[in-house]
$ cat run-v5.cif   # mmCIF, N, CA and C atoms
data_run
loop_
_atom_site.label_atom_id
_atom_site.label_comp_id
_atom_site.auth_asym_id
_atom_site.auth_seq_id
_atom_site.Cartn_x
_atom_site.Cartn_y
_atom_site.Cartn_z
N MET U 254 -17.37 -26.32 -121.70
CA MET U 254 -18.40 -26.88 -122.57
C MET U 254 -19.58 -25.91 -122.60
N GLY U 255 -20.35 -26.02 -123.67
CA GLY U 255 -21.49 -25.16 -123.82
C GLY U 255 -21.16 -23.84 -124.50
N THR U 256 -19.87 -23.60 -124.78
CA THR U 256 -19.47 -22.38 -125.48
C THR U 256 -20.08 -22.40 -126.87
N VAL U 257 -20.64 -21.27 -127.29
CA VAL U 257 -21.27 -21.16 -128.60
C VAL U 257 -20.64 -19.98 -129.33
N PHE U 258 -20.31 -20.18 -130.62
CA PHE U 258 -19.80 -19.09 -131.43
C PHE U 258 -20.23 -19.30 -132.87
N VAL U 259 -20.15 -18.23 -133.65
CA VAL U 259 -20.57 -18.27 -135.05
C VAL U 259 -19.39 -17.85 -135.91
N THR U 260 -19.14 -18.61 -136.99
CA THR U 260 -18.14 -18.25 -137.98
C THR U 260 -18.84 -18.00 -139.30
N ASN U 261 -18.09 -17.52 -140.26
CA ASN U 261 -18.64 -17.26 -141.58
C ASN U 261 -17.83 -18.07 -142.58
N ASN U 262 -18.49 -18.94 -143.30
CA ASN U 262 -17.82 -19.79 -144.27
C ASN U 262 -18.33 -19.42 -145.66
N GLY U 263 -17.60 -18.53 -146.33
CA GLY U 263 -18.00 -18.12 -147.68
C GLY U 263 -19.38 -17.50 -147.72
N GLY U 264 -19.71 -16.70 -146.72
CA GLY U 264 -21.02 -16.06 -146.68
C GLY U 264 -22.08 -16.87 -145.96
N GLN U 265 -21.75 -18.07 -145.54
CA GLN U 265 -22.69 -18.94 -144.82
C GLN U 265 -22.36 -18.91 -143.33
N PRO U 266 -23.25 -18.37 -142.49
CA PRO U 266 -23.00 -18.43 -141.05
C PRO U 266 -23.04 -19.88 -140.57
N VAL U 267 -22.08 -20.23 -139.71
CA VAL U 267 -22.01 -21.57 -139.14
C VAL U 267 -21.97 -21.42 -137.63
N THR U 268 -22.92 -22.06 -136.94
CA THR U 268 -22.99 -22.02 -135.48
C THR U 268 -22.27 -23.24 -134.92
N TRP U 269 -21.37 -23.01 -133.98
CA TRP U 269 -20.57 -24.06 -133.34
C TRP U 269 -20.91 -24.10 -131.86
N VAL U 270 -21.00 -25.31 -131.29
CA VAL U 270 -21.24 -25.49 -129.85
C VAL U 270 -20.23 -26.51 -129.34
N VAL U 271 -19.46 -26.16 -128.32
CA VAL U 271 -18.55 -27.13 -127.71
C VAL U 271 -19.39 -28.11 -126.91
N VAL U 272 -19.34 -29.39 -127.28
CA VAL U 272 -20.18 -30.38 -126.60
C VAL U 272 -19.38 -31.32 -125.69
N ASP U 273 -18.05 -31.38 -125.90
CA ASP U 273 -17.25 -32.30 -125.10
C ASP U 273 -15.80 -31.86 -125.17
N ARG U 274 -15.10 -32.04 -124.05
CA ARG U 274 -13.70 -31.67 -124.02
C ARG U 274 -12.97 -32.53 -123.01
N GLU U 275 -11.76 -32.94 -123.34
CA GLU U 275 -10.91 -33.69 -122.43
C GLU U 275 -9.60 -32.91 -122.27
N GLY U 276 -9.57 -32.04 -121.27
CA GLY U 276 -8.37 -31.24 -121.01
C GLY U 276 -7.89 -30.53 -122.26
N ASP U 277 -6.57 -30.61 -122.50
CA ASP U 277 -5.97 -30.01 -123.69
C ASP U 277 -5.73 -31.04 -124.79
N HIS U 278 -6.40 -32.20 -124.70
CA HIS U 278 -6.11 -33.28 -125.64
C HIS U 278 -7.21 -33.54 -126.66
N ARG U 279 -8.43 -33.11 -126.35
CA ARG U 279 -9.54 -33.40 -127.26
C ARG U 279 -10.65 -32.38 -127.07
N ILE U 280 -11.27 -32.00 -128.19
CA ILE U 280 -12.44 -31.13 -128.14
C ILE U 280 -13.39 -31.56 -129.26
N ARG U 281 -14.68 -31.54 -128.95
CA ARG U 281 -15.68 -31.92 -129.96
C ARG U 281 -16.73 -30.83 -130.02
N TYR U 282 -17.07 -30.46 -131.25
CA TYR U 282 -18.06 -29.42 -131.51
C TYR U 282 -19.24 -30.01 -132.27
N ALA U 283 -20.42 -29.48 -132.00
CA ALA U 283 -21.55 -29.65 -132.91
C ALA U 283 -21.55 -28.40 -133.77
N ARG U 284 -21.85 -28.53 -135.05
CA ARG U 284 -21.87 -27.36 -135.93
C ARG U 284 -23.05 -27.45 -136.87
N VAL U 285 -23.68 -26.30 -137.12
CA VAL U 285 -24.84 -26.25 -138.02
C VAL U 285 -24.67 -25.06 -138.97
N ALA U 286 -24.71 -25.35 -140.24
CA ALA U 286 -24.80 -24.33 -141.28
C ALA U 286 -26.25 -24.40 -141.76
N THR U 287 -27.09 -23.54 -141.22
CA THR U 287 -28.53 -23.60 -141.45
C THR U 287 -28.85 -23.71 -142.93
N GLY U 288 -29.67 -24.71 -143.25
CA GLY U 288 -30.08 -24.92 -144.64
C GLY U 288 -29.04 -25.55 -145.51
N ARG U 289 -27.90 -25.98 -144.93
CA ARG U 289 -26.84 -26.60 -145.74
C ARG U 289 -26.38 -27.93 -145.18
N ASP U 290 -25.80 -27.92 -143.95
CA ASP U 290 -25.28 -29.15 -143.37
C ASP U 290 -25.22 -29.02 -141.86
N ALA U 291 -25.06 -30.16 -141.18
CA ALA U 291 -24.92 -30.19 -139.73
C ALA U 291 -24.13 -31.43 -139.35
N GLY U 292 -23.51 -31.39 -138.18
CA GLY U 292 -22.77 -32.56 -137.71
C GLY U 292 -21.82 -32.20 -136.60
N THR U 293 -20.77 -33.02 -136.45
CA THR U 293 -19.78 -32.82 -135.39
C THR U 293 -18.38 -32.72 -135.99
N VAL U 294 -17.52 -32.07 -135.21
CA VAL U 294 -16.09 -31.97 -135.53
C VAL U 294 -15.34 -32.36 -134.28
N ASP U 295 -14.43 -33.32 -134.41
CA ASP U 295 -13.66 -33.83 -133.28
C ASP U 295 -12.19 -33.51 -133.53
N GLY U 296 -11.56 -32.79 -132.59
CA GLY U 296 -10.14 -32.48 -132.70
C GLY U 296 -9.37 -33.15 -131.58
N ARG U 297 -8.30 -33.84 -131.96
CA ARG U 297 -7.47 -34.55 -130.97
C ARG U 297 -6.01 -34.16 -131.16
N LEU U 298 -5.34 -33.90 -130.03
CA LEU U 298 -3.93 -33.54 -130.05
C LEU U 298 -3.13 -34.61 -129.33
N SER U 299 -1.99 -35.02 -129.91
CA SER U 299 -1.12 -35.99 -129.27
C SER U 299 0.33 -35.58 -129.42
N PRO U 300 1.10 -35.72 -128.33
CA PRO U 300 2.53 -35.40 -128.41
C PRO U 300 3.21 -36.33 -129.42
N ALA U 301 4.13 -35.77 -130.17
CA ALA U 301 4.88 -36.55 -131.17
C ALA U 301 6.30 -35.99 -131.21
N GLY U 302 7.11 -36.40 -130.25
CA GLY U 302 8.48 -35.88 -130.18
C GLY U 302 8.44 -34.41 -129.79
N SER U 303 9.07 -33.58 -130.62
CA SER U 303 9.15 -32.14 -130.30
C SER U 303 7.97 -31.35 -130.86
N HIS U 304 6.99 -32.03 -131.40
CA HIS U 304 5.82 -31.32 -131.95
C HIS U 304 4.54 -32.01 -131.50
N THR U 305 3.42 -31.54 -131.99
CA THR U 305 2.12 -32.11 -131.64
C THR U 305 1.42 -32.54 -132.92
N GLU U 306 0.86 -33.73 -132.92
CA GLU U 306 0.05 -34.19 -134.04
C GLU U 306 -1.40 -33.88 -133.75
N VAL U 307 -2.11 -33.41 -134.76
CA VAL U 307 -3.51 -33.05 -134.62
C VAL U 307 -4.32 -33.90 -135.60
N THR U 308 -5.40 -34.49 -135.10
CA THR U 308 -6.32 -35.23 -135.94
C THR U 308 -7.68 -34.54 -135.85
N VAL U 309 -8.23 -34.16 -137.00
CA VAL U 309 -9.53 -33.50 -137.04
C VAL U 309 -10.46 -34.38 -137.85
N THR U 310 -11.59 -34.75 -137.26
CA THR U 310 -12.56 -35.61 -137.92
C THR U 310 -13.90 -34.89 -138.01
N TYR U 311 -14.40 -34.74 -139.23
CA TYR U 311 -15.71 -34.15 -139.47
C TYR U 311 -16.70 -35.27 -139.75
N GLU U 312 -17.86 -35.23 -139.12
CA GLU U 312 -18.98 -36.12 -139.44
C GLU U 312 -20.16 -35.21 -139.75
N LEU U 313 -20.38 -34.97 -141.04
CA LEU U 313 -21.38 -34.00 -141.47
C LEU U 313 -22.44 -34.66 -142.33
N SER U 314 -23.65 -34.13 -142.25
CA SER U 314 -24.77 -34.58 -143.08
C SER U 314 -25.35 -33.39 -143.81
N ALA U 315 -25.68 -33.59 -145.07
CA ALA U 315 -26.32 -32.53 -145.85
C ALA U 315 -27.76 -32.36 -145.39
N LEU U 316 -28.22 -31.11 -145.39
CA LEU U 316 -29.61 -30.82 -145.05
C LEU U 316 -30.45 -30.50 -146.28
N THR U 317 -29.78 -30.26 -147.40
CA THR U 317 -30.45 -29.89 -148.64
C THR U 317 -29.64 -30.44 -149.81
N PRO U 318 -30.20 -30.44 -151.02
CA PRO U 318 -29.40 -30.83 -152.19
C PRO U 318 -28.16 -29.94 -152.35
N GLU U 319 -28.30 -28.65 -152.06
CA GLU U 319 -27.15 -27.74 -152.12
C GLU U 319 -26.10 -28.16 -151.10
N GLY U 320 -26.57 -28.62 -149.95
CA GLY U 320 -25.66 -29.10 -148.92
C GLY U 320 -24.89 -30.33 -149.37
N SER U 321 -25.53 -31.19 -150.14
CA SER U 321 -24.85 -32.37 -150.68
C SER U 321 -23.71 -31.96 -151.60
N GLU U 322 -23.96 -30.97 -152.45
CA GLU U 322 -22.91 -30.48 -153.35
C GLU U 322 -21.80 -29.81 -152.57
N TRP U 323 -22.15 -29.03 -151.54
CA TRP U 323 -21.13 -28.38 -150.71
C TRP U 323 -20.27 -29.43 -150.01
N LEU U 324 -20.87 -30.49 -149.47
CA LEU U 324 -20.11 -31.55 -148.80
C LEU U 324 -19.18 -32.28 -149.77
N ARG U 325 -19.63 -32.46 -151.01
CA ARG U 325 -18.76 -33.10 -152.01
C ARG U 325 -17.51 -32.25 -152.23
N ARG U 326 -17.70 -30.93 -152.39
CA ARG U 326 -16.56 -30.04 -152.59
C ARG U 326 -15.68 -29.98 -151.34
N PHE U 327 -16.32 -29.94 -150.16
CA PHE U 327 -15.59 -29.92 -148.89
C PHE U 327 -14.67 -31.13 -148.79
N ALA U 328 -15.20 -32.31 -149.08
CA ALA U 328 -14.40 -33.54 -149.00
C ALA U 328 -13.24 -33.50 -149.99
N ALA U 329 -13.49 -33.01 -151.19
CA ALA U 329 -12.44 -32.95 -152.21
C ALA U 329 -11.34 -31.97 -151.80
N ASP U 330 -11.72 -30.87 -151.14
CA ASP U 330 -10.75 -29.84 -150.75
C ASP U 330 -10.14 -30.05 -149.36
N TYR U 331 -10.60 -31.07 -148.64
CA TYR U 331 -10.18 -31.27 -147.25
C TYR U 331 -8.66 -31.32 -147.08
N PRO U 332 -7.93 -32.12 -147.88
CA PRO U 332 -6.47 -32.17 -147.68
C PRO U 332 -5.80 -30.80 -147.82
N SER U 333 -6.21 -30.00 -148.80
CA SER U 333 -5.59 -28.69 -148.96
C SER U 333 -6.01 -27.75 -147.83
N MET U 334 -7.24 -27.88 -147.31
CA MET U 334 -7.67 -27.07 -146.19
C MET U 334 -6.81 -27.37 -144.96
N MET U 335 -6.58 -28.65 -144.68
CA MET U 335 -5.77 -29.03 -143.53
C MET U 335 -4.34 -28.53 -143.69
N GLN U 336 -3.80 -28.60 -144.90
CA GLN U 336 -2.44 -28.10 -145.15
C GLN U 336 -2.39 -26.59 -144.94
N SER U 337 -3.43 -25.88 -145.36
CA SER U 337 -3.50 -24.44 -145.17
C SER U 337 -3.54 -24.11 -143.68
N TRP U 338 -4.33 -24.85 -142.91
CA TRP U 338 -4.39 -24.64 -141.46
C TRP U 338 -3.01 -24.87 -140.84
N GLU U 339 -2.35 -25.95 -141.24
CA GLU U 339 -1.03 -26.28 -140.68
C GLU U 339 -0.05 -25.14 -140.95
N SER U 340 -0.05 -24.61 -142.16
CA SER U 340 0.85 -23.50 -142.50
C SER U 340 0.53 -22.25 -141.69
N ALA U 341 -0.75 -21.92 -141.56
CA ALA U 341 -1.15 -20.73 -140.82
C ALA U 341 -0.77 -20.85 -139.35
N ILE U 342 -0.96 -22.02 -138.76
CA ILE U 342 -0.62 -22.23 -137.35
C ILE U 342 0.89 -22.15 -137.17
N ALA U 343 1.64 -22.79 -138.06
CA ALA U 343 3.11 -22.77 -137.96
C ALA U 343 3.64 -21.34 -138.06
N LYS U 344 3.05 -20.53 -138.93
CA LYS U 344 3.49 -19.13 -139.07
C LYS U 344 3.21 -18.33 -137.80
N SER U 345 2.10 -18.62 -137.13
CA SER U 345 1.72 -17.83 -135.96
C SER U 345 2.47 -18.26 -134.70
N LEU U 346 3.03 -19.44 -134.65
CA LEU U 346 3.68 -19.92 -133.43
C LEU U 346 4.82 -19.03 -132.96
N PRO U 347 5.72 -18.56 -133.82
CA PRO U 347 6.79 -17.69 -133.31
C PRO U 347 6.23 -16.44 -132.62
N ALA U 348 5.18 -15.86 -133.13
CA ALA U 348 4.57 -14.67 -132.52
C ALA U 348 3.93 -15.03 -131.18
N ILE U 349 3.35 -16.19 -131.08
CA ILE U 349 2.73 -16.62 -129.82
C ILE U 349 3.79 -16.86 -128.76
N ARG U 350 4.91 -17.45 -129.15
CA ARG U 350 5.97 -17.77 -128.19
C ARG U 350 6.78 -16.55 -127.77
N ARG U 351 6.80 -15.53 -128.61
CA ARG U 351 7.60 -14.33 -128.34
C ARG U 351 6.90 -13.50 -127.26
N PRO U 352 7.63 -13.10 -126.20
CA PRO U 352 7.00 -12.29 -125.16
C PRO U 352 6.62 -10.92 -125.69
N ALA U 353 5.58 -10.37 -125.12
CA ALA U 353 5.13 -9.02 -125.50
C ALA U 353 6.20 -8.01 -125.13
N PRO U 354 6.32 -6.92 -125.89
CA PRO U 354 7.32 -5.88 -125.55
C PRO U 354 7.12 -5.38 -124.11
N GLY U 355 8.24 -5.18 -123.43
CA GLY U 355 8.18 -4.66 -122.06
C GLY U 355 8.01 -5.76 -121.02
N ARG U 356 8.03 -7.03 -121.43
CA ARG U 356 7.87 -8.13 -120.45
C ARG U 356 9.13 -8.92 -120.34
#

$ encode --input "run-v5.cif" --output "structure tokens"
Amino acid sequence: MGTVFVTNNGGQPVTWVVVDREGDHRIRYARVATGRDAGTVDGRLSPAGSHTEVTVTYELSALTPEGSEWLRRFAADYPSMMQSWESAIAKSLPAIRRPAPGR
């Protein structure tokens, strides 16, 4: 907890702070896009047979009128964003599971 990092979302720096974690099953972040929006993101993982189900919940508030418009677009695009994440993670798993050369 207390880990802080910055990402870039379409040219907007976003500061993330890990505020809570429960082992490998749950993590919660506070996030601030200065002058746009702020809130929390909660990620939960649960075993589901041979795979893992992930639930991601955003609770965000606009800080400006521009932030309100950004949140409207974010909500509209959320399902496709989650699908994109799922595809990217699935593609990377074989590389993660494959041992490094020489091991």

$ resolve_selection --input "run-v5.cif" --expression "the PyMOL selection byres ((chain U and resi 293-307) around 8)" --output "PyMOL selection string"
chain U and resi 277-285+291-292+308-314

$ resolve_selection --input "run-v5.cif" --expression "the PyMOL selection byres ((chain U and resi 316) around 6.5)" --output "MDAnalysis selection string"
chainID U and resid 288:291 314:315 317:321

$ write_last_selection --input "run-v5.cif" --atoms "N, CA and C atoms" --output "PDB file, in the frame of the given file"
ATOM      1  N   GLY U 288     -29.670 -24.710-143.250  1.00  0.00           N
ATOM      2  CA  GLY U 288     -30.080 -24.920-144.640  1.00  0.00           C
ATOM      3  C   GLY U 288     -29.040 -25.550-145.510  1.00  0.00           C
ATOM      4  N   ARG U 289     -27.900 -25.980-144.930  1.00  0.00           N
ATOM      5  CA  ARG U 289     -26.840 -26.600-145.740  1.00  0.00           C
ATOM      6  C   ARG U 289     -26.380 -27.930-145.180  1.00  0.00           C
ATOM      7  N   ASP U 290     -25.800 -27.920-143.950  1.00  0.00           N
ATOM      8  CA  ASP U 290     -25.280 -29.150-143.370  1.00  0.00           C
ATOM      9  C   ASP U 290     -25.220 -29.020-141.860  1.00  0.00           C
ATOM     10  N   ALA U 291     -25.060 -30.160-141.180  1.00  0.00           N
ATOM     11  CA  ALA U 291     -24.920 -30.190-139.730  1.00  0.00           C
ATOM     12  C   ALA U 291     -24.130 -31.430-139.350  1.00  0.00           C
ATOM     13  N   SER U 314     -23.650 -34.130-142.250  1.00  0.00           N
ATOM     14  CA  SER U 314     -24.770 -34.580-143.080  1.00  0.00           C
ATOM     15  C   SER U 314     -25.350 -33.390-143.810  1.00  0.00           C
ATOM     16  N   ALA U 315     -25.680 -33.590-145.070  1.00  0.00           N
ATOM     17  CA  ALA U 315     -26.320 -32.530-145.850  1.00  0.00           C
ATOM     18  C   ALA U 315     -27.760 -32.360-145.390  1.00  0.00           C
ATOM     19  N   THR U 317     -29.780 -30.260-147.400  1.00  0.00           N
ATOM     20  CA  THR U 317     -30.450 -29.890-148.640  1.00  0.00           C
ATOM     21  C   THR U 317     -29.640 -30.440-149.810  1.00  0.00           C
ATOM     22  N   PRO U 318     -30.200 -30.440-151.020  1.00  0.00           N
ATOM     23  CA  PRO U 318     -29.400 -30.830-152.190  1.00  0.00           C
ATOM     24  C   PRO U 318     -28.160 -29.940-152.350  1.00  0.00           C
ATOM     25  N   GLU U 319     -28.300 -28.650-152.060  1.00  0.00           N
ATOM     26  CA  GLU U 319     -27.150 -27.740-152.120  1.00  0.00           C
ATOM     27  C   GLU U 319     -26.100 -28.160-151.100  1.00  0.00           C
ATOM     28  N   GLY U 320     -26.570 -28.620-149.950  1.00  0.00           N
ATOM     29  CA  GLY U 320     -25.660 -29.100-148.920  1.00  0.00           C
ATOM     30  C   GLY U 320     -24.890 -30.330-149.370  1.00  0.00           C
ATOM     31  N   SER U 321     -25.530 -31.190-150.140  1.00  0.00           N
ATOM     32  CA  SER U 321     -24.850 -32.370-150.680  1.00  0.00           C
ATOM     33  C   SER U 321     -23.710 -31.960-151.600  1.00  0.00           C
TER      34      SER U 321
END

$ atom_distance --input "run-v5.cif" --atom1 "atom C of Ala328 (chain U)" --atom2 "atom C of Asn261 (chain U)"
17.7 Å

$ atom_distance --input "run-v5.cif" --atom1 "CA of Ile342 (chain U)" --atom2 "CA of Thr287 (chain U)"
28.2 Å

$ select_by_dssp --input "run-v5.cif" --residues "chain U" --states "strand (DSSP E)" --output "PyMOL selection string"
chain U and resi 257-262+265-275+279-286+290-301+304-315

$ atom_distance --input "run-v5.cif" --atom1 "CA of Arg325 (chain U)" --atom2 "atom N of Thr256 (chain U)"
28.9 Å

$ residues_around --input "run-v5.cif" --residues "Val257 (chain U)" --least-positions-apart "2" --cutoff "5 Å" --atoms "all atoms listed in the file" --output "ChimeraX atom specification"
/U:255,259,269-270

$ select_by_dssp --input "run-v5.cif" --residues "region 274-323 of chain U" --states "alpha helix (DSSP H)" --output "list in words"
Pro318, Glu319, Gly320, Ser321, Glu322 and Trp323 of chain U

$ closest_residue --input "run-v5.cif" --among "U:Met254, U:Ala286, U:Glu322, U:Ser345" --to "Thr268 (chain U)" --atoms "all atoms listed in the file"
U:Ala286

$ decode --input "run-v5.cif" --residues "region 313-337 of chain U" --atoms "N, CA and C atoms" --output "PDB file, in the first residue's frame"
ATOM      1  N   LEU U 313     -15.957   7.580  -9.930  1.00  0.00           N
ATOM      2  CA  LEU U 313     -15.267   8.805 -10.310  1.00  0.00           C
ATOM      3  C   LEU U 313     -16.204   9.996 -10.255  1.00  0.00           C
ATOM      4  N   SER U 314     -15.640  11.153  -9.940  1.00  0.00           N
ATOM      5  CA  SER U 314     -16.370  12.416  -9.926  1.00  0.00           C
ATOM      6  C   SER U 314     -15.654  13.409 -10.821  1.00  0.00           C
ATOM      7  N   ALA U 315     -16.425  14.152 -11.585  1.00  0.00           N
ATOM      8  CA  ALA U 315     -15.851  15.198 -12.436  1.00  0.00           C
ATOM      9  C   ALA U 315     -15.399  16.363 -11.568  1.00  0.00           C
ATOM     10  N   LEU U 316     -14.283  16.978 -11.963  1.00  0.00           N
ATOM     11  CA  LEU U 316     -13.786  18.161 -11.262  1.00  0.00           C
ATOM     12  C   LEU U 316     -14.060  19.442 -12.037  1.00  0.00           C
ATOM     13  N   THR U 317     -14.442  19.292 -13.295  1.00  0.00           N
ATOM     14  CA  THR U 317     -14.684  20.438 -14.177  1.00  0.00           C
ATOM     15  C   THR U 317     -15.785  20.060 -15.166  1.00  0.00           C
ATOM     16  N   PRO U 318     -16.341  21.030 -15.887  1.00  0.00           N
ATOM     17  CA  PRO U 318     -17.296  20.680 -16.948  1.00  0.00           C
ATOM     18  C   PRO U 318     -16.669  19.747 -17.993  1.00  0.00           C
ATOM     19  N   GLU U 319     -15.390  19.969 -18.310  1.00  0.00           N
ATOM     20  CA  GLU U 319     -14.698  19.082 -19.258  1.00  0.00           C
ATOM     21  C   GLU U 319     -14.618  17.671 -18.681  1.00  0.00           C
ATOM     22  N   GLY U 320     -14.432  17.595 -17.373  1.00  0.00           N
ATOM     23  CA  GLY U 320     -14.403  16.297 -16.704  1.00  0.00           C
ATOM     24  C   GLY U 320     -15.732  15.578 -16.808  1.00  0.00           C
ATOM     25  N   SER U 321     -16.822  16.322 -16.743  1.00  0.00           N
ATOM     26  CA  SER U 321     -18.157  15.719 -16.897  1.00  0.00           C
ATOM     27  C   SER U 321     -18.312  15.093 -18.277  1.00  0.00           C
ATOM     28  N   GLU U 322     -17.845  15.798 -19.300  1.00  0.00           N
ATOM     29  CA  GLU U 322     -17.922  15.266 -20.665  1.00  0.00           C
ATOM     30  C   GLU U 322     -17.016  14.051 -20.813  1.00  0.00           C
ATOM     31  N   TRP U 323     -15.810  14.105 -20.228  1.00  0.00           N
ATOM     32  CA  TRP U 323     -14.898  12.962 -20.291  1.00  0.00           C
ATOM     33  C   TRP U 323     -15.521  11.743 -19.610  1.00  0.00           C
ATOM     34  N   LEU U 324     -16.146  11.927 -18.440  1.00  0.00           N
ATOM     35  CA  LEU U 324     -16.782  10.807 -17.731  1.00  0.00           C
ATOM     36  C   LEU U 324     -17.941  10.216 -18.531  1.00  0.00           C
ATOM     37  N   ARG U 325     -18.685  11.069 -19.236  1.00  0.00           N
ATOM     38  CA  ARG U 325     -19.782  10.564 -20.077  1.00  0.00           C
ATOM     39  C   ARG U 325     -19.214   9.638 -21.152  1.00  0.00           C
ATOM     40  N   ARG U 326     -18.134  10.074 -21.814  1.00  0.00           N
ATOM     41  CA  ARG U 326     -17.514   9.245 -22.856  1.00  0.00           C
ATOM     42  C   ARG U 326     -16.901   7.980 -22.259  1.00  0.00           C
ATOM     43  N   PHE U 327     -16.259   8.122 -21.088  1.00  0.00           N
ATOM     44  CA  PHE U 327     -15.659   6.974 -20.404  1.00  0.00           C
ATOM     45  C   PHE U 327     -16.715   5.911 -20.130  1.00  0.00           C
ATOM     46  N   ALA U 328     -17.857   6.317 -19.592  1.00  0.00           N
ATOM     47  CA  ALA U 328     -18.931   5.371 -19.279  1.00  0.00           C
ATOM     48  C   ALA U 328     -19.445   4.697 -20.548  1.00  0.00           C
ATOM     49  N   ALA U 329     -19.594   5.459 -21.616  1.00  0.00           N
ATOM     50  CA  ALA U 329     -20.093   4.898 -22.875  1.00  0.00           C
ATOM     51  C   ALA U 329     -19.105   3.886 -23.459  1.00  0.00           C
ATOM     52  N   ASP U 330     -17.805   4.149 -23.295  1.00  0.00           N
ATOM     53  CA  ASP U 330     -16.767   3.284 -23.867  1.00  0.00           C
ATOM     54  C   ASP U 330     -16.311   2.170 -22.924  1.00  0.00           C
ATOM     55  N   TYR U 331     -16.823   2.152 -21.700  1.00  0.00           N
ATOM     56  CA  TYR U 331     -16.337   1.213 -20.687  1.00  0.00           C
ATOM     57  C   TYR U 331     -16.386  -0.250 -21.143  1.00  0.00           C
ATOM     58  N   PRO U 332     -17.508  -0.733 -21.697  1.00  0.00           N
ATOM     59  CA  PRO U 332     -17.536  -2.147 -22.111  1.00  0.00           C
ATOM     60  C   PRO U 332     -16.450  -2.488 -23.135  1.00  0.00           C
ATOM     61  N   SER U 333     -16.208  -1.622 -24.102  1.00  0.00           N
ATOM     62  CA  SER U 333     -15.178  -1.924 -25.095  1.00  0.00           C
ATOM     63  C   SER U 333     -13.786  -1.825 -24.473  1.00  0.00           C
ATOM     64  N   MET U 334     -13.583  -0.924 -23.511  1.00  0.00           N
ATOM     65  CA  MET U 334     -12.298  -0.831 -22.831  1.00  0.00           C
ATOM     66  C   MET U 334     -12.013  -2.130 -22.071  1.00  0.00           C
ATOM     67  N   MET U 335     -12.999  -2.643 -21.350  1.00  0.00           N
ATOM     68  CA  MET U 335     -12.813  -3.879 -20.599  1.00  0.00           C
ATOM     69  C   MET U 335     -12.535  -5.047 -21.540  1.00  0.00           C
ATOM     70  N   GLN U 336     -13.223  -5.084 -22.678  1.00  0.00           N
ATOM     71  CA  GLN U 336     -12.983  -6.152 -23.658  1.00  0.00           C
ATOM     72  C   GLN U 336     -11.568  -6.049 -24.216  1.00  0.00           C
ATOM     73  N   SER U 337     -11.102  -4.830 -24.461  1.00  0.00           N
ATOM     74  CA  SER U 337      -9.743  -4.611 -24.947  1.00  0.00           C
ATOM     75  C   SER U 337      -8.726  -5.090 -23.920  1.00  0.00           C
TER      76      SER U 337
END
